[in-house]
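Novice: Structure provided below as C-alpha coordinates; questions to follow.
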Amino acid sequence: MEEGTTIREDICSESAIAGRYAKAAEQYGAKAGRREAHHIVPKFLGGPADGPTSGIDAAYHQQITNAFREAATSRGIGYGGRVLDPLNSASDMLDLIAILQ
Amino acid sequence: MSLKPDGYSVLSRLAARAGARTRGANLAVEGVPDWFDRRSTFKVDGLRVDAYANHSLLCLMVSCDSGVLFSTPRKSVTMNTRQLLGQVAGRDVYVSELGLASPLPWIYSRAAVEGLESLALGDDELLTVTVGGLDAVMRPEDGDSFLARFDRLVSFARILPAEAETKAPLNAQKLPAELRELLPLVVIWGLSDDQERSDLIERADDAALRGLVERGRTRLTRIDEFLREPGMPKDSPEIGRFDSFAQAVMEAEQELRRRAKS
(Lines give C-alpha, C1' and ligand atoms only; values in the text may rest on other atoms or scores of the structure.)
Protein backbone atom coordinates (compact mmCIF):
# COMPACT_ATOMS: atom_id res chain seq x y z
CA MET A 1 0.00 0.00 0.00
CA GLU A 2 1.31 3.44 -0.89
CA GLU A 3 2.22 5.77 1.91
CA GLY A 4 -0.57 8.21 2.62
CA THR A 5 -3.29 5.94 1.29
CA THR A 6 -6.47 6.37 3.27
CA ILE A 7 -8.35 3.25 4.27
CA ARG A 8 -12.07 3.95 4.12
CA GLU A 9 -14.56 1.60 5.67
CA ASP A 10 -16.96 0.12 3.18
CA ILE A 11 -20.20 1.14 4.88
CA CYS A 12 -22.16 -1.30 2.72
CA SER A 13 -20.04 -4.33 3.58
CA GLU A 14 -21.81 -7.17 5.35
CA SER A 15 -19.70 -6.74 8.47
CA ALA A 16 -20.33 -2.99 8.59
CA ILE A 17 -24.07 -3.58 8.28
CA ALA A 18 -23.91 -6.28 10.96
CA GLY A 19 -22.14 -3.84 13.28
CA ARG A 20 -24.84 -1.23 12.82
CA TYR A 21 -27.55 -3.82 13.37
CA ALA A 22 -25.89 -5.01 16.57
CA LYS A 23 -25.82 -1.45 17.88
CA ALA A 24 -29.46 -0.95 16.94
CA ALA A 25 -30.45 -4.20 18.66
CA GLU A 26 -28.71 -3.00 21.79
CA GLN A 27 -30.66 0.27 21.76
CA TYR A 28 -34.03 -1.01 20.58
CA GLY A 29 -34.05 -4.63 21.70
CA ALA A 30 -37.83 -4.89 21.75
CA LYS A 31 -37.95 -4.17 18.02
CA ALA A 32 -34.99 -6.26 16.86
CA GLY A 33 -35.76 -9.32 14.76
CA ARG A 34 -38.94 -7.82 13.33
CA ARG A 35 -39.02 -6.61 9.73
CA GLU A 36 -40.50 -3.24 8.84
CA ALA A 37 -40.94 -1.46 5.55
CA HIS A 38 -38.71 1.58 5.28
CA HIS A 39 -39.31 4.49 2.90
CA ILE A 40 -35.90 5.02 1.37
CA VAL A 41 -36.74 8.71 0.95
CA PRO A 42 -38.95 9.49 3.97
CA LYS A 43 -42.32 10.91 3.03
CA PHE A 44 -42.18 13.50 5.80
CA LEU A 45 -39.16 14.92 3.98
CA GLY A 46 -41.11 15.21 0.76
CA GLY A 47 -40.43 11.73 -0.59
CA PRO A 48 -42.99 10.69 -3.22
CA ALA A 49 -46.18 8.95 -2.11
CA ASP A 50 -45.28 5.89 -4.17
CA GLY A 51 -41.57 6.13 -3.37
CA PRO A 52 -39.28 3.15 -2.99
CA THR A 53 -39.41 0.96 0.10
CA SER A 54 -37.23 -1.77 1.51
CA GLY A 55 -37.80 -4.27 4.32
CA ILE A 56 -35.26 -3.89 7.11
CA ASP A 57 -34.85 -4.82 10.75
CA ALA A 58 -37.19 -2.71 12.87
CA ALA A 59 -34.52 -1.74 15.41
CA TYR A 60 -32.27 -0.48 12.63
CA HIS A 61 -35.27 1.27 11.08
CA GLN A 62 -35.80 3.17 14.34
CA GLN A 63 -32.15 4.18 14.38
CA ILE A 64 -32.36 5.50 10.81
CA THR A 65 -35.60 7.32 11.58
CA ASN A 66 -33.97 9.02 14.56
CA ALA A 67 -30.98 10.05 12.44
CA PHE A 68 -33.28 11.56 9.80
CA ARG A 69 -35.27 13.39 12.44
CA GLU A 70 -32.13 14.80 14.06
CA ALA A 71 -30.73 15.90 10.71
CA ALA A 72 -34.03 17.47 9.64
CA THR A 73 -34.99 19.28 12.83
CA SER A 74 -31.47 20.66 13.28
CA ARG A 75 -32.09 22.45 9.96
CA GLY A 76 -35.55 23.61 11.04
CA ILE A 77 -37.25 21.07 8.76
CA GLY A 78 -40.24 18.89 9.63
CA TYR A 79 -41.82 18.30 13.10
CA GLY A 80 -43.47 21.71 13.04
CA GLY A 81 -40.71 23.31 10.99
CA ARG A 82 -40.38 23.93 7.26
CA VAL A 83 -42.02 21.44 4.90
CA LEU A 84 -39.79 20.31 2.05
CA ASP A 85 -41.00 20.14 -1.53
CA PRO A 86 -37.91 18.67 -3.20
CA LEU A 87 -39.64 17.80 -6.47
CA ASN A 88 -40.51 21.45 -7.10
CA SER A 89 -37.69 23.31 -5.39
CA ALA A 90 -33.98 22.92 -6.10
CA SER A 91 -32.97 24.30 -2.71
CA ASP A 92 -35.34 21.86 -0.97
CA MET A 93 -33.77 19.08 -3.00
CA LEU A 94 -30.34 20.14 -1.75
CA ASP A 95 -31.65 20.15 1.82
CA LEU A 96 -33.08 16.67 1.31
CA ILE A 97 -29.80 15.35 -0.05
CA ALA A 98 -27.92 16.87 2.88
CA ILE A 99 -30.28 15.15 5.34
CA LEU A 100 -30.05 11.79 3.60
CA GLN A 101 -26.25 11.95 3.69
CA MET B 1 -44.81 -24.35 -26.91
CA SER B 2 -45.29 -23.30 -23.31
CA LEU B 3 -44.44 -19.85 -22.04
CA LYS B 4 -42.29 -19.55 -18.96
CA PRO B 5 -44.48 -18.20 -16.15
CA ASP B 6 -43.62 -14.68 -15.02
CA GLY B 7 -44.08 -13.04 -11.64
CA TYR B 8 -46.83 -10.69 -12.79
CA SER B 9 -49.15 -13.39 -14.11
CA VAL B 10 -48.71 -15.51 -10.98
CA LEU B 11 -49.37 -12.46 -8.79
CA SER B 12 -52.56 -11.78 -10.74
CA ARG B 13 -53.71 -15.34 -10.13
CA LEU B 14 -52.93 -15.14 -6.42
CA ALA B 15 -54.81 -11.84 -6.16
CA ALA B 16 -57.78 -13.03 -8.20
CA ARG B 17 -58.14 -16.14 -6.07
CA ALA B 18 -58.26 -13.94 -2.96
CA GLY B 19 -60.65 -11.45 -4.60
CA ALA B 20 -58.03 -8.68 -4.42
CA ARG B 21 -56.65 -6.27 -6.99
CA THR B 22 -53.05 -5.58 -7.94
CA ARG B 23 -51.43 -2.16 -8.07
CA GLY B 24 -48.09 -0.48 -8.53
CA ALA B 25 -45.28 -0.89 -6.01
CA ASN B 26 -41.68 0.11 -5.56
CA LEU B 27 -39.99 -2.49 -3.35
CA ALA B 28 -36.26 -3.17 -3.18
CA VAL B 29 -35.19 -6.58 -1.91
CA GLU B 30 -31.63 -7.55 -1.05
CA GLY B 31 -29.86 -9.56 -3.68
CA VAL B 32 -32.54 -8.92 -6.30
CA PRO B 33 -31.45 -6.46 -8.99
CA ASP B 34 -34.95 -5.73 -10.31
CA TRP B 35 -37.43 -3.80 -8.21
CA PHE B 36 -40.75 -5.42 -7.35
CA ASP B 37 -43.18 -3.09 -9.08
CA ARG B 38 -46.57 -4.82 -8.67
CA ARG B 39 -48.29 -5.58 -5.43
CA SER B 40 -51.43 -7.11 -3.96
CA THR B 41 -52.56 -7.23 -0.35
CA PHE B 42 -55.12 -9.75 0.84
CA LYS B 43 -55.95 -12.12 3.65
CA VAL B 44 -55.73 -15.89 3.66
CA ASP B 45 -57.61 -17.50 6.54
CA GLY B 46 -57.10 -14.40 8.65
CA LEU B 47 -53.40 -13.89 7.86
CA ARG B 48 -52.41 -10.73 6.00
CA VAL B 49 -50.38 -11.34 2.86
CA ASP B 50 -48.46 -8.68 0.97
CA ALA B 51 -47.47 -10.19 -2.36
CA TYR B 52 -45.05 -8.40 -4.69
CA ALA B 53 -43.90 -9.31 -8.17
CA ASN B 54 -41.39 -8.37 -10.78
CA HIS B 55 -40.91 -10.09 -14.09
CA SER B 56 -38.94 -13.03 -12.77
CA LEU B 57 -39.70 -13.32 -9.04
CA LEU B 58 -42.34 -13.04 -6.35
CA CYS B 59 -41.80 -11.68 -2.87
CA LEU B 60 -44.44 -12.96 -0.48
CA MET B 61 -44.82 -11.49 2.99
CA VAL B 62 -47.10 -13.24 5.46
CA SER B 63 -47.88 -11.60 8.79
CA CYS B 64 -48.30 -14.00 11.69
CA ASP B 65 -47.43 -14.43 15.37
CA SER B 66 -43.93 -15.74 14.70
CA GLY B 67 -41.49 -15.22 17.53
CA VAL B 68 -38.42 -16.64 15.76
CA LEU B 69 -35.76 -15.35 13.38
CA PHE B 70 -33.90 -17.37 10.75
CA SER B 71 -33.29 -17.54 7.02
CA THR B 72 -32.76 -20.38 4.60
CA PRO B 73 -30.98 -21.47 2.42
CA ARG B 74 -28.88 -18.29 2.63
CA LYS B 75 -28.05 -15.45 4.97
CA SER B 76 -30.30 -12.41 5.07
CA VAL B 77 -28.18 -9.29 5.27
CA THR B 78 -31.13 -7.01 6.02
CA MET B 79 -32.21 -9.18 8.95
CA ASN B 80 -28.66 -9.93 10.02
CA THR B 81 -28.95 -13.71 10.04
CA ARG B 82 -25.27 -14.50 9.53
CA GLN B 83 -24.68 -17.43 11.85
CA LEU B 84 -24.91 -20.85 10.22
CA LEU B 85 -26.99 -23.04 12.52
CA GLY B 86 -26.74 -26.20 10.40
CA GLN B 87 -28.90 -27.97 7.90
CA VAL B 88 -32.60 -28.55 8.22
CA ALA B 89 -34.51 -30.41 5.52
CA GLY B 90 -31.28 -30.52 3.56
CA ARG B 91 -30.88 -26.74 3.42
CA ASP B 92 -28.60 -24.38 5.33
CA VAL B 93 -30.33 -22.42 8.06
CA TYR B 94 -28.89 -19.14 9.33
CA VAL B 95 -29.77 -17.46 12.61
CA SER B 96 -28.97 -14.19 14.37
CA GLU B 97 -25.39 -14.07 15.60
CA LEU B 98 -26.72 -11.92 18.44
CA GLY B 99 -28.95 -14.78 19.55
CA LEU B 100 -32.14 -12.83 18.80
CA ALA B 101 -35.39 -14.81 18.61
CA SER B 102 -33.65 -18.17 18.33
CA PRO B 103 -35.67 -20.85 16.49
CA LEU B 104 -34.10 -23.56 18.67
CA PRO B 105 -35.25 -26.18 19.51
CA TRP B 106 -38.40 -25.82 17.39
CA ILE B 107 -36.51 -25.76 14.08
CA TYR B 108 -35.56 -29.42 14.55
CA SER B 109 -39.11 -30.53 15.33
CA ARG B 110 -40.87 -32.80 12.89
CA ALA B 111 -43.40 -30.13 11.99
CA ALA B 112 -40.68 -27.60 11.20
CA VAL B 113 -38.64 -30.04 9.12
CA GLU B 114 -41.66 -31.21 7.16
CA GLY B 115 -42.84 -27.65 6.67
CA LEU B 116 -39.48 -26.56 5.27
CA GLU B 117 -39.28 -29.68 3.10
CA SER B 118 -42.69 -28.90 1.65
CA LEU B 119 -41.46 -25.52 0.42
CA ALA B 120 -38.64 -27.13 -1.60
CA LEU B 121 -36.68 -23.89 -1.71
CA GLY B 122 -34.28 -23.49 -4.61
CA ASP B 123 -30.75 -22.15 -4.29
CA ASP B 124 -31.80 -18.81 -5.72
CA GLU B 125 -34.80 -18.45 -3.42
CA LEU B 126 -34.80 -17.09 0.12
CA LEU B 127 -37.11 -17.63 3.06
CA THR B 128 -36.67 -15.22 5.95
CA VAL B 129 -38.70 -15.83 9.06
CA THR B 130 -38.82 -12.82 11.36
CA VAL B 131 -40.62 -11.83 14.51
CA GLY B 132 -44.15 -11.10 13.38
CA GLY B 133 -44.06 -12.79 9.99
CA LEU B 134 -42.14 -14.33 7.16
CA ASP B 135 -41.17 -13.35 3.68
CA ALA B 136 -40.12 -15.50 0.79
CA VAL B 137 -38.50 -14.61 -2.50
CA MET B 138 -39.61 -17.34 -4.88
CA ARG B 139 -39.49 -18.17 -8.53
CA PRO B 140 -42.86 -18.26 -10.29
CA GLU B 141 -44.03 -21.60 -11.58
CA ASP B 142 -46.98 -22.73 -13.58
CA GLY B 143 -50.02 -21.13 -11.89
CA ASP B 144 -51.56 -24.16 -10.20
CA SER B 145 -48.33 -25.53 -8.79
CA PHE B 146 -47.35 -22.11 -7.49
CA LEU B 147 -50.73 -21.64 -5.80
CA ALA B 148 -50.21 -24.95 -4.03
CA ARG B 149 -46.73 -23.89 -2.99
CA PHE B 150 -48.05 -20.57 -1.75
CA ASP B 151 -50.62 -22.42 0.35
CA ARG B 152 -47.81 -24.47 1.87
CA LEU B 153 -45.97 -21.25 2.71
CA VAL B 154 -49.04 -19.92 4.51
CA SER B 155 -49.41 -23.24 6.34
CA PHE B 156 -45.79 -22.96 7.40
CA ALA B 157 -46.44 -19.44 8.74
CA ARG B 158 -49.18 -20.91 10.91
CA ILE B 159 -46.93 -23.42 12.67
CA LEU B 160 -44.17 -20.96 13.58
CA PRO B 161 -43.72 -20.68 17.35
CA ALA B 162 -45.57 -17.66 18.65
CA GLU B 163 -43.97 -14.55 20.03
CA ALA B 164 -44.09 -14.15 23.78
CA GLU B 165 -46.43 -11.28 24.56
CA THR B 166 -44.00 -8.44 25.16
CA LYS B 167 -45.93 -5.46 23.87
CA ALA B 168 -46.37 -3.07 26.74
CA PRO B 169 -49.41 -0.79 26.48
CA LEU B 170 -48.79 2.93 26.14
CA ASN B 171 -48.62 4.54 29.55
CA ALA B 172 -50.25 7.97 29.67
CA GLN B 173 -48.40 8.83 32.88
CA LYS B 174 -45.10 8.77 31.03
CA LEU B 175 -46.30 11.44 28.62
CA PRO B 176 -46.15 15.21 29.04
CA ALA B 177 -49.60 16.45 30.06
CA GLU B 178 -50.10 18.36 26.81
CA LEU B 179 -49.58 15.23 24.70
CA ARG B 180 -51.83 12.85 26.64
CA GLU B 181 -55.00 13.80 24.82
CA LEU B 182 -53.40 12.59 21.57
CA LEU B 183 -53.18 9.00 22.81
CA PRO B 184 -56.35 7.74 21.06
CA LEU B 185 -54.99 9.08 17.76
CA VAL B 186 -51.50 7.73 18.43
CA VAL B 187 -52.89 4.23 18.94
CA ILE B 188 -54.43 4.38 15.45
CA TRP B 189 -51.85 6.32 13.43
CA GLY B 190 -48.58 5.66 15.23
CA LEU B 191 -47.47 2.73 13.07
CA SER B 192 -43.72 2.34 12.70
CA ASP B 193 -43.91 0.25 9.52
CA ASP B 194 -43.72 2.90 6.78
CA GLN B 195 -45.78 0.88 4.31
CA GLU B 196 -48.55 0.08 6.80
CA ARG B 197 -48.72 3.75 7.79
CA SER B 198 -48.79 4.83 4.15
CA ASP B 199 -51.55 2.36 3.37
CA LEU B 200 -53.61 3.59 6.29
CA ILE B 201 -53.25 7.22 5.19
CA GLU B 202 -54.01 6.36 1.58
CA ARG B 203 -57.20 4.54 2.58
CA ALA B 204 -58.41 7.26 4.97
CA ASP B 205 -60.98 9.77 3.79
CA ASP B 206 -60.31 13.51 3.73
CA ALA B 207 -62.20 14.15 6.97
CA ALA B 208 -60.12 11.63 8.93
CA LEU B 209 -56.89 13.08 7.56
CA ARG B 210 -57.98 16.64 8.29
CA GLY B 211 -58.84 15.64 11.87
CA LEU B 212 -55.42 14.05 12.27
CA VAL B 213 -53.62 17.09 10.89
CA GLU B 214 -55.66 19.61 12.86
CA ARG B 215 -55.04 17.89 16.17
CA GLY B 216 -51.48 16.79 15.52
CA ARG B 217 -49.85 19.63 13.63
CA THR B 218 -49.69 22.13 16.49
CA ARG B 219 -48.06 19.51 18.73
CA LEU B 220 -45.25 18.47 16.41
CA THR B 221 -42.69 20.72 18.05
CA ARG B 222 -43.68 19.44 21.48
CA ILE B 223 -43.48 15.85 20.26
CA ASP B 224 -39.98 16.50 18.92
CA GLU B 225 -39.00 17.87 22.35
CA PHE B 226 -40.52 14.83 24.03
CA LEU B 227 -38.56 12.49 21.78
CA ARG B 228 -35.34 14.19 22.90
CA GLU B 229 -36.09 14.29 26.62
CA PRO B 230 -33.12 12.76 28.41
CA GLY B 231 -35.18 10.90 31.01
CA MET B 232 -37.14 8.81 28.51
CA PRO B 233 -35.66 5.44 27.48
CA LYS B 234 -35.21 5.52 23.70
CA ASP B 235 -36.79 2.10 23.29
CA SER B 236 -39.95 2.90 25.25
CA PRO B 237 -43.18 2.25 23.34
CA GLU B 238 -44.27 5.84 24.05
CA ILE B 239 -41.25 7.24 22.20
CA GLY B 240 -41.62 4.86 19.27
CA ARG B 241 -45.34 5.40 18.79
CA PHE B 242 -45.21 9.18 19.11
CA ASP B 243 -42.36 9.35 16.62
CA SER B 244 -44.43 7.37 14.12
CA PHE B 245 -47.49 9.46 14.91
CA ALA B 246 -45.59 12.66 14.12
CA GLN B 247 -44.62 11.21 10.77
CA ALA B 248 -48.24 10.24 10.13
CA VAL B 249 -49.35 13.83 10.77
CA MET B 250 -46.79 15.21 8.31
CA GLU B 251 -47.60 12.54 5.74
CA ALA B 252 -51.34 13.14 6.10
CA GLU B 253 -50.76 16.81 5.39
CA GLN B 254 -48.88 15.89 2.21
CA GLU B 255 -51.59 13.44 1.20
CA LEU B 256 -54.28 16.13 1.56
CA ARG B 257 -52.18 18.48 -0.56
CA ARG B 258 -51.72 15.78 -3.19
CA ARG B 259 -55.47 15.07 -3.29
CA ALA B 260 -56.25 18.78 -3.63
CA LYS B 261 -53.99 18.96 -6.70
CA SER B 262 -55.40 15.90 -8.41
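Each chain in the C-alpha coordinates gets a letter, A, B and so on, in the order shown; residues start at 1 in every chain, and ligands are counted from 1 in the order they appear.
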Show me, as a PyMOL selection string, the residues of chain A whose atoms get within 10 Å of chain B, using only C-alpha atoms for the distance check.

Specialist: chain A and resi 13-15+17-22+25-40+42-63+65-66+69-70+73+78-81+83+85

Novice: Counting only C-alpha atoms, what is within 8 Å of Leu11 in chain B, bar same-chain residues fewer than 6 positions away, as a short mmCIF file (atom, residue, chain, number, x, y, z; two decimals) with N, CA, C and O atoms, in the first residue's frame?

Specialist:
```cif
data_model
loop_
_atom_site.label_atom_id
_atom_site.label_comp_id
_atom_site.auth_asym_id
_atom_site.auth_seq_id
_atom_site.Cartn_x
_atom_site.Cartn_y
_atom_site.Cartn_z
N THR B 22 -54.49 -5.87 -7.98
CA THR B 22 -53.05 -5.58 -7.94
C THR B 22 -52.86 -4.10 -8.24
O THR B 22 -53.72 -3.45 -8.84
N ARG B 39 -48.01 -5.17 -6.79
CA ARG B 39 -48.29 -5.58 -5.43
C ARG B 39 -49.76 -5.94 -5.28
O ARG B 39 -50.61 -5.38 -5.97
N SER B 40 -50.04 -6.85 -4.35
CA SER B 40 -51.43 -7.11 -3.96
C SER B 40 -51.44 -7.44 -2.48
O SER B 40 -50.54 -8.12 -1.98
N ALA B 51 -48.16 -9.47 -1.28
CA ALA B 51 -47.47 -10.19 -2.36
C ALA B 51 -46.96 -9.19 -3.38
O ALA B 51 -47.71 -8.31 -3.82
N TYR B 52 -45.68 -9.30 -3.73
CA TYR B 52 -45.05 -8.40 -4.69
C TYR B 52 -44.51 -9.22 -5.85
O TYR B 52 -44.12 -10.39 -5.67
N ALA B 53 -44.45 -8.60 -7.01
CA ALA B 53 -43.90 -9.31 -8.17
C ALA B 53 -43.03 -8.39 -9.00
O ALA B 53 -43.25 -7.18 -9.06
N LEU B 58 -41.29 -13.52 -7.26
CA LEU B 58 -42.34 -13.04 -6.35
C LEU B 58 -41.72 -12.86 -4.98
O LEU B 58 -40.81 -13.61 -4.60
#
```

Novice: Could you please write out, as a PyMOL selection string, every residue of chain A that DSSP assigns to helix (DSSP H, G or I)?

Specialist: chain A and resi 14-27+43-45+58-73+90-100

Novice: Quick one: pull the distance between CA of Phe42 in chain B and CA of Asp151 in chain B, Å, one decimal.

Specialist: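 These two atoms are separated by 13.5 Å.
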
Novice: What is the distance, in Å and to one decimal place, between CA of Glu238 in chain B and CA of Thr41 in chain B?

Specialist: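 Taking CA of Glu238 in chain B as the start and CA of Thr41 in chain B as the end point, the length is 28.9 Å.
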
Novice: So what do you get for CA of Phe156 in chain B versus CA of Ser56 in chain B, distance-wise?

Specialist: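 Taking CA of Phe156 in chain B as the start and CA of Ser56 in chain B as the end point, the length is 23.5 Å.
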
Novice: Could you pull out all residues of chain A with a DSSP call of strand (DSSP E or B) and give them as a ChimeraX atom specification?

Specialist: /A:34-39,53-57,77,82

Novice: Which residues are close to Val32 in chain B, i.e. within 12 Å by only C-alpha atoms, leaving aside same-chain residues fewer than 6 positions away? Reply as an MDAnalysis selection string.

Specialist: (chainID A and resid 54) or (chainID B and resid 53:59 124:126 137:139)

Novice: My list of candidates is B:Leu84, B:Met232, B:Leu185, B:Leu191. Which is closest to Val213 in chain B when distances are computed with only C-alpha atoms?

Specialist: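 Of the candidates, the smallest distance to Val213 in chain B is held by B:Leu185.
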
Novice: For range 109-116 of chain B, list every protein, DNA or RNA residue within 12 Å, evaluated using only C-alpha atoms, and leave out those in the same chain fewer than 6 positions away; present the list as a PyMOL selection string.

Specialist: chain B and resi 71-73+87-93+103+122+126-129+136+149+151-161
